[in-house]
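J.: What follows is the file coords19.txt, containing compact mmCIF, C-alpha atoms:
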# COMPACT_ATOMS: atom_id res chain seq x y z
CA MET I 1 -18.53 -14.31 -8.00
CA GLY I 2 -19.33 -11.26 -5.86
CA ILE I 3 -22.60 -10.74 -4.03
CA PHE I 4 -22.26 -7.06 -3.13
CA GLY I 5 -24.29 -5.87 -6.11
CA LYS I 6 -27.11 -8.34 -5.45
CA LEU I 7 -27.18 -7.47 -1.74
CA LEU I 8 -27.22 -3.72 -2.32
CA GLY I 9 -29.76 -4.00 -5.14
CA GLY I 10 -32.05 -6.15 -3.01
CA ILE I 11 -31.97 -3.74 -0.09
CA PHE I 12 -32.69 -0.65 -2.18
CA GLY I 13 -35.28 -2.50 -4.22
CA PHE I 14 -37.12 -3.59 -1.08
CA PHE I 15 -37.34 -0.06 0.32
CA ILE I 16 -38.54 1.32 -3.00
CA GLY I 17 -40.91 -1.41 -4.14
CA GLY I 18 -41.26 -4.03 -1.43
CA PRO I 19 -40.65 -7.72 -2.22
CA LEU I 20 -41.11 -7.20 -5.96
CA GLY I 21 -38.67 -4.30 -5.92
CA ALA I 22 -36.21 -6.44 -3.99
CA ALA I 23 -36.43 -9.18 -6.63
CA ILE I 24 -35.81 -6.69 -9.42
CA GLY I 25 -32.96 -5.13 -7.45
CA ILE I 26 -31.34 -8.52 -6.97
CA LEU I 27 -31.52 -9.22 -10.70
CA LEU I 28 -29.95 -5.87 -11.52
CA GLY I 29 -27.33 -6.36 -8.83
CA HIS I 30 -26.49 -9.75 -10.30
CA GLN I 31 -25.59 -8.07 -13.59
CA ILE I 32 -23.36 -5.62 -11.73
CA ASP I 33 -21.60 -8.48 -9.93
CA LYS I 34 -21.08 -10.29 -13.23
CA GLY I 35 -19.54 -7.17 -14.74
CA ALA I 36 -17.26 -6.66 -11.75
CA THR I 37 -16.15 -10.29 -11.83
CA GLN I 38 -15.44 -10.09 -15.55
CA LEU I 39 -13.43 -6.91 -15.00
CA GLU I 40 -11.34 -8.66 -12.37
CA GLU I 41 -10.76 -11.57 -14.73
CA ASP I 42 -9.80 -9.22 -17.57
CA VAL I 43 -7.02 -7.68 -15.45
CA ASP I 44 -4.20 -10.20 -15.65
CA TRP I 45 -3.04 -10.00 -12.07
CA SER I 46 -2.49 -13.71 -11.51
CA ARG I 47 -0.89 -15.17 -8.44
CA GLN I 48 2.28 -15.74 -10.44
CA ASP I 49 2.29 -12.08 -11.54
CA ARG I 50 1.95 -10.89 -7.94
CA ALA I 51 4.80 -13.14 -6.80
CA SER I 52 7.06 -11.66 -9.47
CA ILE I 53 6.05 -8.09 -8.56
CA GLN I 54 6.56 -8.78 -4.86
CA ARG I 55 10.09 -10.04 -5.43
CA VAL I 56 11.04 -7.12 -7.69
CA PHE I 57 9.39 -4.55 -5.38
CA PHE I 58 11.27 -5.89 -2.35
CA ASP I 59 14.65 -6.00 -4.09
CA THR I 60 14.21 -2.61 -5.75
CA THR I 61 13.03 -0.89 -2.56
CA PHE I 62 16.17 -1.69 -0.60
CA ALA I 63 18.61 -1.37 -3.52
CA VAL I 64 17.35 2.12 -4.39
CA MET I 65 17.34 2.96 -0.70
CA GLY I 66 21.07 2.19 -0.58
CA HIS I 67 21.67 4.15 -3.78
CA LEU I 68 19.87 7.21 -2.43
CA ALA I 69 21.73 7.00 0.87
CA LYS I 70 24.97 7.31 -1.13
CA ALA I 71 23.66 10.26 -3.20
CA ASP I 72 25.80 12.83 -1.37
CA GLY I 73 28.92 10.67 -1.54
CA ARG I 74 28.62 8.95 1.82
CA VAL I 75 26.06 7.00 3.79
CA SER I 76 25.42 8.77 7.09
CA GLU I 77 24.86 6.95 10.34
CA ALA I 78 21.37 8.49 10.50
CA GLU I 79 20.53 6.94 7.12
CA ILE I 80 21.84 3.54 8.19
CA GLN I 81 19.81 3.68 11.39
CA ARG I 82 16.71 4.79 9.47
CA ALA I 83 17.13 1.93 6.98
CA ARG I 84 17.44 -0.53 9.87
CA ALA I 85 14.41 1.04 11.57
CA ILE I 86 12.37 0.64 8.38
CA MET I 87 13.40 -3.02 8.15
CA GLN I 88 12.49 -3.56 11.79
CA ARG I 89 9.15 -1.77 11.47
CA LEU I 90 8.31 -3.93 8.48
CA GLY I 91 8.77 -6.96 10.72
CA LEU I 92 11.25 -8.66 8.39
CA SER I 93 12.47 -12.08 9.38
CA GLU I 94 16.18 -12.67 9.88
CA ALA I 95 16.48 -14.09 6.37
CA GLN I 96 14.49 -11.21 4.87
CA ARG I 97 16.56 -8.65 6.74
CA THR I 98 19.75 -10.27 5.46
CA ALA I 99 18.37 -10.09 1.92
CA ALA I 100 17.33 -6.44 2.41
CA ILE I 101 20.79 -5.48 3.69
CA ALA I 102 22.39 -7.25 0.73
CA ARG I 103 20.23 -5.27 -1.69
CA PHE I 104 20.94 -2.05 0.23
CA ASN I 105 24.67 -2.66 -0.09
CA ALA I 106 24.29 -3.51 -3.80
CA GLY I 107 22.60 -0.16 -4.34
CA LYS I 108 25.60 1.64 -2.85
CA ASP I 109 28.00 0.13 -5.39
CA GLY I 110 29.34 2.44 -8.04
CA ASP I 111 28.26 0.09 -10.84
CA PHE I 112 24.63 -0.09 -9.67
CA ASP I 113 22.36 0.44 -12.69
CA LEU I 114 19.56 2.62 -11.33
CA ARG I 115 17.85 3.16 -14.66
CA ASP I 116 17.65 -0.54 -15.51
CA THR I 117 16.46 -1.37 -11.98
CA LEU I 118 13.62 1.15 -12.14
CA GLN I 119 12.65 0.13 -15.65
CA ASN I 120 12.32 -3.44 -14.43
CA LEU I 121 10.08 -2.36 -11.56
CA ARG I 122 7.85 -0.36 -13.87
CA ARG I 123 7.80 -3.19 -16.42
CA VAL I 124 6.51 -5.78 -13.95
CA ALA I 125 4.05 -3.37 -12.30
CA PRO I 126 2.23 -1.60 -15.14
CA GLY I 127 -0.71 0.51 -14.05
CA ARG I 128 0.02 0.06 -10.35
CA HIS I 129 0.35 3.76 -9.54
CA ASP I 130 -0.47 3.41 -5.84
CA LEU I 131 2.19 0.73 -5.39
CA LEU I 132 4.82 2.90 -7.05
CA GLN I 133 3.72 5.85 -4.91
CA LEU I 134 4.29 3.80 -1.75
CA PHE I 135 7.73 2.89 -3.11
CA LEU I 136 8.57 6.59 -3.45
CA GLU I 137 7.20 7.38 0.01
CA ILE I 138 9.51 4.77 1.57
CA GLN I 139 12.51 6.31 -0.22
CA ILE I 140 11.51 9.81 0.90
CA GLU I 141 11.15 8.60 4.49
CA LEU I 142 14.76 7.40 4.41
CA LEU I 143 16.06 10.70 3.05
CA LEU I 144 14.18 12.68 5.70
CA SER I 145 16.00 10.79 8.45
CA ASP I 146 18.35 13.77 8.88
CA GLY I 147 15.50 16.29 8.72
CA ALA I 148 15.60 17.37 5.09
CA VAL I 149 16.26 16.28 1.52
CA ASP I 150 19.44 18.00 0.31
CA ALA I 151 20.12 19.15 -3.25
CA HIS I 152 22.00 16.01 -4.36
CA GLU I 153 19.35 13.74 -2.88
CA TYR I 154 16.52 15.72 -4.42
CA GLN I 155 18.10 15.64 -7.87
CA LEU I 156 18.42 11.86 -7.73
CA LEU I 157 14.96 11.45 -6.21
CA ASP I 158 13.51 13.55 -9.02
CA ARG I 159 15.13 11.26 -11.59
CA ILE I 160 13.66 8.23 -9.85
CA ALA I 161 10.21 9.77 -9.68
CA THR I 162 10.33 10.75 -13.36
CA GLN I 163 11.25 7.22 -14.42
CA LEU I 164 8.29 5.90 -12.43
CA GLY I 165 5.88 8.35 -14.05
CA PHE I 166 5.65 11.07 -11.38
CA ASN I 167 6.28 14.71 -12.30
CA GLU I 168 8.06 17.20 -10.04
CA ILE I 169 4.85 18.64 -8.63
CA ALA I 170 3.71 15.16 -7.59
CA LEU I 171 7.12 14.49 -6.04
CA GLN I 172 7.06 17.71 -4.01
CA HIS I 173 3.55 16.83 -2.86
CA LEU I 174 4.75 13.40 -1.66
CA ILE I 175 7.70 14.93 0.18
CA ALA I 176 5.33 17.32 1.97
CA LEU I 177 3.02 14.42 2.87
CA VAL I 178 5.83 12.31 4.33
CA GLN I 179 7.26 15.31 6.19
CA GLY I 180 3.85 16.08 7.63
CA GLU I 181 3.37 12.48 8.66
CA GLY I 182 6.70 12.47 10.50
CA VAL I 183 5.90 15.66 12.40
CA PHE I 184 2.38 14.50 13.18
CA HIS I 185 3.67 11.18 14.50
CA GLN I 186 6.12 12.98 16.78
CA ARG I 187 3.38 15.26 18.09
CA GLN I 188 1.18 12.23 18.71
CA GLN I 189 3.94 10.63 20.77
CA HIS I 190 5.00 13.72 22.69
CA GLN I 191 1.87 15.81 23.00
CA ARG I 192 2.14 17.81 26.18
CA SER I 193 -1.39 19.07 26.47
CA GLN I 194 -4.45 16.88 27.00
CA SER I 195 -6.71 19.59 25.68
CA ALA I 196 -9.61 18.53 23.46
CA THR I 197 -8.35 21.01 20.85
CA PRO I 198 -5.12 19.86 19.18
CA ALA I 199 -2.03 22.05 19.56
CA PRO I 200 -1.45 24.33 16.52
CA ASP I 201 1.77 22.56 15.45
CA LYS I 202 0.10 19.16 15.61
CA LEU I 203 -2.94 20.47 13.75
CA GLY I 204 -0.75 21.95 11.04
CA ALA I 205 1.02 18.61 10.66
CA ALA I 206 -2.35 16.88 10.40
CA TYR I 207 -3.29 19.07 7.43
CA ALA I 208 0.11 18.28 5.89
CA VAL I 209 -0.52 14.55 6.25
CA LEU I 210 -3.65 14.94 4.14
CA GLY I 211 -1.92 17.31 1.74
CA VAL I 212 -4.47 20.10 2.18
CA SER I 213 -4.55 23.64 3.57
CA SER I 214 -6.30 24.65 6.77
CA GLY I 215 -8.82 26.69 4.78
CA ILE I 216 -10.25 23.67 2.97
CA GLY I 217 -13.96 22.96 3.33
CA ASN I 218 -15.26 19.88 5.12
CA SER I 219 -16.45 18.24 1.92
CA GLU I 220 -13.09 18.70 0.16
CA LEU I 221 -11.33 17.54 3.31
CA LYS I 222 -13.30 14.31 3.32
CA THR I 223 -12.54 13.80 -0.38
CA ALA I 224 -8.79 14.20 0.22
CA TYR I 225 -8.99 11.81 3.16
CA ARG I 226 -10.85 9.15 1.20
CA ARG I 227 -8.45 9.45 -1.74
CA LEU I 228 -5.41 8.87 0.49
CA MET I 229 -7.10 5.98 2.28
CA ALA I 230 -7.85 4.34 -1.06
CA GLN I 231 -4.28 4.83 -2.27
CA HIS I 232 -2.78 3.23 0.85
CA HIS I 233 -5.32 0.50 1.57
CA PRO I 234 -3.23 -2.63 2.36
CA ASP I 235 -5.59 -5.05 0.57
CA LYS I 236 -5.47 -2.97 -2.60
CA LEU I 237 -1.68 -2.72 -2.50
CA ILE I 238 -1.32 -6.46 -1.86
CA ALA I 239 -3.48 -7.10 -4.92
CA GLN I 240 -1.14 -4.84 -6.89
CA GLY I 241 1.91 -6.80 -5.74
CA LEU I 242 3.03 -5.37 -2.40
CA PRO I 243 5.09 -8.04 -0.58
CA GLN I 244 3.25 -9.40 2.44
CA GLU I 245 6.19 -8.59 4.70
CA MET I 246 5.94 -4.92 3.69
CA VAL I 247 2.24 -4.47 4.42
CA THR I 248 3.19 -2.77 7.69
CA ALA I 249 4.34 0.30 5.74
CA ALA I 250 0.91 0.71 4.17
CA THR I 251 -0.90 -0.09 7.43
CA ARG I 252 1.07 2.54 9.32
CA ARG I 253 0.26 5.18 6.73
CA VAL I 254 -3.43 4.31 6.85
CA GLN I 255 -3.34 4.72 10.63
CA GLU I 256 -1.58 8.10 10.39
CA ILE I 257 -4.06 9.32 7.77
CA GLN I 258 -7.00 8.26 9.95
CA GLU I 259 -5.55 9.93 13.06
CA ALA I 260 -4.77 13.13 11.16
CA TYR I 261 -8.32 13.28 9.80
CA GLU I 262 -9.78 12.72 13.28
CA CYS I 263 -7.47 15.41 14.67
CA ILE I 264 -8.76 17.94 12.13
CA LYS I 265 -12.39 16.95 12.66
CA LYS I 266 -12.00 17.37 16.41
CA SER I 267 -10.59 20.88 15.93
CA ARG I 268 -13.66 21.80 13.84
CA ALA I 269 -16.27 20.35 16.15
Show how you would write the structure in this file as structure tokens.
T.:
Amino acid sequence: MGIFGKLLGGIFGFFIGGPLGAAIGILLGHQIDKGATQLEEDVDWSRQDRASIQRVFFDTTFAVMGHLAKADGRVSEAEIQRARAIMQRLGLSEAQRTAAIARFNAGKDGDFDLRDTLQNLRRVAPGRHDLLQLFLEIQIELLLSDGAVDAHEYQLLDRIATQLGFNEIALQHLIALVQGEGVFHQRQQHQRSQSATPAPDKLGAAYAVLGVSSGIGNSELKTAYRRLMAQHHPDKLIAQGLPQEMVTAATRRVQEIQEAYECIKKSRA
């Protein structure tokens, strides 16, 4: 059972009403903790469920990656290298990498059933919107390996997004986010100036990472930042069924989001 409610209630109660207020706050906090615990129990995300989701998420990620790479009729060397880079960045073991390559190759086959594969992913992961969003972001990252998503790739990506419950506006937003993250990461690695004020191109990429315009107010900026952090929080995604070996993808995005937010804050100081 959680203790956060009791702890918070006790602290606030003490400041408002001294020891008696603390006691009342603890009692009220206890009811909050009970409600939160019951809510967690009501959501049937058992260990067995997570194991099933993890397996399906892993297999589907690399199979669809292979299918998308073949969208224009051939798998480019850039796409192969990007797929390998993603596997390496995820820290896959030799056995896991072999399994990922096998799924990637299966996705390239002409008889690969994309619709059935995606339906299975959605069936085992109901209500896990953030997990499915990360899945799409990984696919978009692969397609951007040659700098842009071409017409054939976009058409197929749109079909995938639709089957997973994302409309075209949401898809375009995700593409912009992943593009911005890539540019921002490059600027972070190759920034020429050590000026306290970020270079305009890096600053623009930082806004793209957060999916907001440069004219946004500080309050709205913080809201956008917190929303993205919540969507990509590794612990939350693990609870939803993200395979442990793929946590690196979520962790990297959290880091990029944090750095982009700090970059923008520094420019406004």
J.: Looking at I:Leu90, I:Ala205, I:Leu131, I:Ala63, which one is nearest to I:Ala102, with distances taken over only C-alpha atoms?
T.: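 Looking at the shortest contact to I:Ala102, the residue is I:Ala63.
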J.: Could you check the closest approach to I:Gly180 for each of I:Arg159, I:Ser267, I:Pro234, I:Arg253 and tell me which residue wins, using only C-alpha atoms?
T.: I:Arg253
J.: What does the distance from atom CA of I:Cys263 to atom CA of I:Ile216 come to in Å, to one decimal?
T.: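 So the two atoms, atom CA of I:Cys263 and atom CA of I:Ile216, lie 14.6 Å apart.
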J.: Between I:Glu141, I:Ile264, I:Leu92, I:Arg128, which is the closest to I:Gly215 once you count all atoms listed in the file?
T.: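 Using all atoms listed in the file, the shortest distance to I:Gly215 belongs to I:Ile264.
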J.: List the spatial neighbours of I:Asp113 as an NGL selection string - criterion: any atom at most 10 Å away, all atoms listed in the file, same-chain residues fewer than 5 positions off excluded.
T.: :I and (64 or 67 or 106-107 or 118)
J.: Taking into account all atoms listed in the file, which residue in the set I:Asp130, I:Glu181, I:Glu168, I:Glu153 is nearest to I:Leu237?
T.: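 Going through I:Asp130, I:Glu181, I:Glu168, I:Glu153 one by one, the smallest distance to I:Leu237 is for I:Asp130.
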J.: In Å, rounded to a single decimal, give me how far atom CA of I:Leu143 is from atom CA of I:Thr162.
T.: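 So the two atoms, atom CA of I:Thr162 and atom CA of I:Leu143, lie 17.4 Å apart.
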J.: Could you state the separation of atom CA of I:Gly110 and atom CA of I:Leu144 in Å, given to one decimal place?
T.: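 Taking atom CA of I:Gly110 and atom CA of I:Leu144, their separation equals 22.9 Å.
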J.: I:Ile175, I:Val254, I:Ala100, I:Met246: which is nearest I:Tyr154, counting all atoms listed in the file?
T.: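 Selected residue with least distance to I:Tyr154: I:Ile175.
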J.: Skip I:Gly241 itself and residues of its chain fewer than 3 positions away, then list as a count of residues only all residues within 6 Å of it, counting all atoms listed in the file.
T.: 4
J.: Find the residues near I:Leu221: any atom within 12 Å, counting only C-alpha atoms, skip ones fewer than 5 places away on the same chain, and give them as a VMD selection string.
T.: chain I and resid 206 to 216 226 to 228 257 260 to 262 264 to 265 268
J.: For the residues in the current selection, export C-alpha atoms as a tab-separated table (two decimals), keeping the file's coordinate frame.
T.:
chain	number	residue	atom	x	y	z
I	206	ALA	CA	-2.35	16.88	10.40
I	207	TYR	CA	-3.29	19.07	7.43
I	208	ALA	CA	0.11	18.28	5.89
I	209	VAL	CA	-0.52	14.55	6.25
I	210	LEU	CA	-3.65	14.94	4.14
I	211	GLY	CA	-1.92	17.31	1.74
I	212	VAL	CA	-4.47	20.10	2.18
I	213	SER	CA	-4.55	23.64	3.57
I	214	SER	CA	-6.30	24.65	6.77
I	215	GLY	CA	-8.82	26.69	4.78
I	216	ILE	CA	-10.25	23.67	2.97
I	226	ARG	CA	-10.85	9.15	1.20
I	227	ARG	CA	-8.45	9.45	-1.74
I	228	LEU	CA	-5.41	8.87	0.49
I	257	ILE	CA	-4.06	9.32	7.77
I	260	ALA	CA	-4.77	13.13	11.16
I	261	TYR	CA	-8.32	13.28	9.80
I	262	GLU	CA	-9.78	12.72	13.28
I	264	ILE	CA	-8.76	17.94	12.13
I	265	LYS	CA	-12.39	16.95	12.66
I	268	ARG	CA	-13.66	21.80	13.84
J.: Looking at only C-alpha atoms, which of I:Leu203, I:Ala85, I:Ala125, I:Ile160 is the one that sits closest to I:Ser145?
T.: I:Ala85
J.: Counting all atoms listed in the file, write as number ranges by chain all protein and nucleic acid residues lying at most 12 Å from (14.2, 13.6, -8.7) in the file's frame.
T.: I: 68, 71, 136, 139-140, 149-172, 174-175
J.: Just the residues within 10 Å of I:Glu77, please, counting all atoms listed in the file, with nothing from its chain fewer than 6 positions along; format it as a list of chain:residue names.
T.: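 Residues near the query, excluding close chain neighbours: I:Ala69, I:Ala83, I:Ser145, I:Asp146.
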J.: Extending 5 Å beyond the listed atoms of stretch 204-216 of chain I on each side, what axis-aligned box results? I want centre and edge lengths in Å to one decimal, as lines of an AutoDock Vina configuration file.
T.:
center_x = -4.6
center_y = 20.6
center_z = 6.4
size_x = 21.3
size_y = 22.1
size_z = 19.3
